[in-house]
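Colleague: Quick one: the structure is below, questions incoming.
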Amino acid sequence: MTIRAVVAGVGHYLPDRIVPNSEFEATLDTSDDWIKSRSGIERRHIAAPGQTTSDMATRAARAALDDAGLESTDIDAIILATSTADFTFPSAATMVQAELGMTKGFAFDVQAVCAGFIYALTNANALIVSGQAKRVLVIGAETFSRIIDWNDRSTCVLFGDGAGALILESAEGDGTVADRGILSADLNSDGRFRDILYVDGGVSTQTTGFLRMEGREVFRHAVEKLASTATTALEKIGLTGADVDWVVPHQANIRIIAGTAKKLGLPMERVVVTVQDHGNTSAASIPLALSVGKQRGQIKTGDLVVTEAIGGGLAWGAVALRW
C-alpha cells in the first residue's frame, strides 16, 4: 500500500474588474496588438480598492470546498502561496483559516513567487505522505496590481490578480503510475539570478518597491528550465511527454508556454491555456488554470497532468499527478 495525495476538489476566484489591453492605450505607448503579439494576453482582472489577497484566497477556498463536497472542519492544514500577503505577519493563510471558521489544524504561507504553488503543492504532498495531515487546502493568491509600476509598459501590462485553490486528501494507492494523486515533484532554485526578476523594496529596507524584470533574460531561462523540470518529474516515475494528457503551465507568456510544450514534444492541443484572460497571476496562475481546465471539461479523472512554473529567485519546479 502507498499513501497518495489525491485531488479532491478545485476552485478559483477572479475580481470583478476586467482590464482589456485597450485600456492601457490611453496612458502608455502601447497597443492591444503589441501586447497580444508579445505575451498572448488580452485582458486581466484587477482587485477592487480594499480587496486583499486573503479575501480572494478565501473565496477560492470556498469554491474548492464546494467542489469537493467538504466543510472547512474537514481540513487539517492550509498552505497559501503568495508574494503579496495582506500583512508582514500574520500569514495570509491564518487569515483564511479564520474566515473559513477552521479552528483546528495549522496554516502557513509559502513564498516562491510564480513557482509558489508548485512549492506549496509539494509541501502539502509531503505532509500527507508523512501522515501529518489527511486533507490539505493548497491556495495560490496574488494582488500583483499593488506592486506594479503602472508607468512601466514592459511589466504593467503582463500581470493580473486572482486566486485558485486545490484540496489534496490522503488515499491508498498501489504504488504505480496508475495511482491517482501526486506521483512526483521536482524543485529547484538559483539565487544568482535574483536581479532579472525582483521587487526593489521590502520590509528590512522600509520600502514597498515595484516589480522589475529583464524580460529577455527571464524568457531565456524560463523555456529551458521549465522543460527540464517537467522532464525530470516525469523521468522520476519512468514516463515521458508522450504519456501526458495535459500540461498546465504557469500562465506568464504564450511564447514561453508554446516553447516549453515544443521542447516536451507536446502539441498545444494538450496544454491548458488561460493567459489570454488572466494575464500573469503569479502563484495563483496554476490553480486558476487547473480550475478553469476542469470547468471546461479538459481535465478529467484519471488524466496524467504535469504542471510547472518559474518565478523570481530564480525558483522553479514541476509536479506530475494523476487527476
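In the C-alpha cells, chains take the letters A, B, ... in the order shown, each chain's residues start at 1, and ligands count up from 1 in the order shown.
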Set the distance at 9 Å and use only C-alpha atoms: which residues neighbour Ala64 (chain A) once local chain neighbours fewer than 6 positions away are removed? I'd like the list as a list of chain:residue names.
Modeller: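 My list of contacting residues is A:Ala8, A:Gly9, A:Val10, A:Gly11, A:His12, A:Leu70, A:Leu137, A:Gly164, A:Ala165, A:Leu166, A:Ile167, A:Ser291.
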Colleague: Output N, CA and C atoms for every residue in that selection, as a short mmCIF file (atom, residue, chain, number, x, y, z; two decimals), in the first residue's frame.
Modeller:
data_model
loop_
_atom_site.label_atom_id
_atom_site.label_comp_id
_atom_site.auth_asym_id
_atom_site.auth_seq_id
_atom_site.Cartn_x
_atom_site.Cartn_y
_atom_site.Cartn_z
N ALA A 8 -9.09 16.31 -4.43
CA ALA A 8 -10.49 16.10 -4.04
C ALA A 8 -11.39 17.20 -4.59
N GLY A 9 -10.83 18.38 -4.82
CA GLY A 9 -11.63 19.49 -5.32
C GLY A 9 -10.76 20.64 -5.74
N VAL A 10 -11.31 21.52 -6.57
CA VAL A 10 -10.56 22.67 -7.07
C VAL A 10 -11.53 23.82 -7.29
N GLY A 11 -11.04 25.05 -7.14
CA GLY A 11 -11.90 26.21 -7.34
C GLY A 11 -11.06 27.46 -7.54
N HIS A 12 -11.72 28.53 -7.96
CA HIS A 12 -10.98 29.78 -8.16
C HIS A 12 -11.87 30.99 -7.97
N LEU A 70 -16.93 19.22 0.76
CA LEU A 70 -16.35 19.19 2.10
C LEU A 70 -16.65 20.48 2.84
N LEU A 137 -5.61 22.05 2.20
CA LEU A 137 -6.11 23.06 1.27
C LEU A 137 -4.91 23.86 0.78
N GLY A 164 -6.62 30.78 -6.80
CA GLY A 164 -7.06 29.43 -7.11
C GLY A 164 -6.76 28.52 -5.94
N ALA A 165 -7.54 27.48 -5.76
CA ALA A 165 -7.35 26.58 -4.62
C ALA A 165 -7.60 25.14 -5.03
N LEU A 166 -6.88 24.25 -4.36
CA LEU A 166 -6.98 22.81 -4.63
C LEU A 166 -6.92 22.07 -3.30
N ILE A 167 -7.74 21.06 -3.16
CA ILE A 167 -7.72 20.25 -1.94
C ILE A 167 -7.10 18.89 -2.24
N SER A 291 -8.42 24.88 -12.25
CA SER A 291 -9.85 25.01 -12.02
C SER A 291 -10.60 25.29 -13.32
#
Colleague: Just list as a ChimeraX atom specification whatever in region 89-304 of chain A DSSP marks as helix (DSSP H, G or I).
Modeller: /A:92-99,113-129,144-147,191-196,203-205,215-235,241-243,254-264,268-270,275-278,282-295
Colleague: Counting only C-alpha atoms, which residues in region 92-204 of chain A sit no more than 6 Å from region 208-212 of chain A? For each one, give the nearest pair of atoms and the distance in Å, sorted by chain then residue number, as a Markdown table.
Modeller:
| residue | atom | partner | partner_atom | distance |
| --- | --- | --- | --- | --- |
| A:Ile147 | CA | A:Phe210 | CA | 4.8 |
| A:Ile148 | CA | A:Phe210 | CA | 5.4 |
| A:Asp149 | CA | A:Phe210 | CA | 5.7 |
| A:Leu197 | CA | A:Arg212 | CA | 5.8 |
| A:Tyr198 | CA | A:Arg212 | CA | 5.4 |
| A:Val199 | CA | A:Leu211 | CA | 4.2 |
| A:Asp200 | CA | A:Gly209 | CA | 4.7 |
| A:Gly201 | CA | A:Gly209 | CA | 3.9 |
| A:Gly202 | CA | A:Thr208 | CA | 5.5 |
Colleague: Show me, as a list in words, the residues that have an atom within 9 Å of region 154-159 of chain A when counting only C-alpha atoms, minus same-chain residues fewer than 6 positions from it.
Modeller: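 My reading of the contact set: Asn21, Phe24, Ile35, Ser39, Ile41, Arg43, Arg44, His45, Ile46, Phe144, Ser145, Ile148, Leu211, Arg212, Met213, Gly215, Ala252, Asn253, His278, Gly279, Asn280, Thr281 and Ser282 of chain A.
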Colleague: Between A:Trp246, A:Ile78, A:Ala126, A:Ser83, single out the one closest to Thr103 (chain A), counting only C-alpha atoms.
Modeller: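 Once distances to Thr103 (chain A) are computed over only C-alpha atoms, the minimum belongs to A:Ile78.
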Colleague: Please provide the set of residues having any atom within 6 Å of region 106-108 of chain A, restricted to only C-alpha atoms, with same-chain residues fewer than 6 positions apart removed, written as an MDAnalysis selection string.
Modeller: chainID A and resid 77:79 93:94
Colleague: Using only C-alpha atoms, pick whichever of A:Pro20, A:Pro90, A:Gly140, A:Gly162 has the shortest atom-to-atom distance to Ala47 (chain A).
Modeller: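 Smallest separation from Ala47 (chain A) among the options: A:Gly162.
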Colleague: Show which residues sit within 10 Å of Ser37 (chain A), as a ChimeraX atom specification. Count only C-alpha atoms, and ignore same-chain residues fewer than 5 positions away.
Modeller: /A:31-32,42,254-255
Colleague: Can you work out which one of A:Ala57, A:Leu239, A:Ala115, A:Ala309 has the shortest atom-to-atom distance to Leu14 (chain A), counting only C-alpha atoms?
Modeller: A:Ala57
Colleague: Which residues come within 12 Å of Lys134 (chain A), counting only C-alpha atoms, excluding same-chain residues fewer than 2 positions away, as JSON, numbers by chain?
Modeller: {"A": [3, 4, 5, 6, 7, 8, 74, 75, 76, 77, 78, 105, 124, 125, 126, 127, 128, 129, 130, 131, 132, 136, 137, 167, 168, 169, 170, 171, 172]}
Colleague: Produce a file of the selected residues containing C-alpha atoms, as a PDB file, in the first residue's frame.
Modeller:
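What ended up in out-v1.pdb:
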ATOM      1  CA  ILE A   3      -0.280   6.718   0.516  1.00  0.00           C
ATOM      2  CA  ARG A   4      -1.076   9.235  -2.222  1.00  0.00           C
ATOM      3  CA  ALA A   5      -2.187  12.873  -2.059  1.00  0.00           C
ATOM      4  CA  VAL A   6      -5.231  12.867  -4.338  1.00  0.00           C
ATOM      5  CA  VAL A   7      -7.095  15.890  -5.722  1.00  0.00           C
ATOM      6  CA  ALA A   8     -10.488  16.104  -4.042  1.00  0.00           C
ATOM      7  CA  ASP A  74     -12.669  18.539   7.250  1.00  0.00           C
ATOM      8  CA  ILE A  75      -9.368  20.309   6.508  1.00  0.00           C
ATOM      9  CA  ASP A  76      -6.223  19.681   8.584  1.00  0.00           C
ATOM     10  CA  ALA A  77      -3.920  22.300   7.070  1.00  0.00           C
ATOM     11  CA  ILE A  78      -3.832  25.306   4.755  1.00  0.00           C
ATOM     12  CA  GLY A 105      -5.052  22.216  12.355  1.00  0.00           C
ATOM     13  CA  ALA A 124       1.232  19.501   1.014  1.00  0.00           C
ATOM     14  CA  ASN A 125       2.114  16.179  -0.580  1.00  0.00           C
ATOM     15  CA  ALA A 126       4.884  15.639   1.984  1.00  0.00           C
ATOM     16  CA  LEU A 127       2.514  16.396   4.872  1.00  0.00           C
ATOM     17  CA  ILE A 128       0.009  13.851   3.597  1.00  0.00           C
ATOM     18  CA  VAL A 129       2.513  11.119   2.734  1.00  0.00           C
ATOM     19  CA  SER A 130       4.174  11.503   6.150  1.00  0.00           C
ATOM     20  CA  GLY A 131       0.823  11.227   7.949  1.00  0.00           C
ATOM     21  CA  GLN A 132       0.966  14.758   9.376  1.00  0.00           C
ATOM     22  CA  VAL A 136      -4.653  19.963   2.900  1.00  0.00           C
ATOM     23  CA  LEU A 137      -6.106  23.058   1.271  1.00  0.00           C
ATOM     24  CA  ILE A 167      -7.722  20.246  -1.940  1.00  0.00           C
ATOM     25  CA  LEU A 168      -5.483  17.220  -1.550  1.00  0.00           C
ATOM     26  CA  GLU A 169      -6.601  14.267   0.536  1.00  0.00           C
ATOM     27  CA  SER A 170      -4.919  11.065   1.658  1.00  0.00           C
ATOM     28  CA  ALA A 171      -5.837   7.913  -0.260  1.00  0.00           C
ATOM     29  CA  GLU A 172      -4.385   4.445  -0.679  1.00  0.00           C
TER      30      GLU A 172
END
Colleague: Nearest to Glu308 (chain A): which of A:Ile256, A:Thr229, A:Trp323, A:Val271 is it, counting only C-alpha atoms?
Modeller: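 Comparing A:Ile256, A:Thr229, A:Trp323, A:Val271 against Glu308 (chain A), the winner is A:Thr229.
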Colleague: Tell me, as a PyMOL selection string, which residues lie within 12 Å of Thr88 (chain A), counting only C-alpha atoms; anything in the same chain fewer than 4 positions away does not count.
Modeller: chain A and resi 82-84+92+109+202-204+206+208
Colleague: Any chance you could list, as a ChimeraX atom specification, the residues in region 85-188 of chain A that come up strand (DSSP E) when DSSP is run on the backbone?
Modeller: /A:106-110,135-143,161-173,181-188
Colleague: Any idea what the distance is between CA of Val244 (chain A) and CA of Tyr119 (chain A)?
Modeller: 20.9 Å
Colleague: Using only C-alpha atoms, can you tell me which of A:Gly40, A:Gly69, A:Gly116, A:Pro15 comes closest to Gly313 (chain A)?
Modeller: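 Comparing A:Gly40, A:Gly69, A:Gly116, A:Pro15 against Gly313 (chain A), the winner is A:Gly116.
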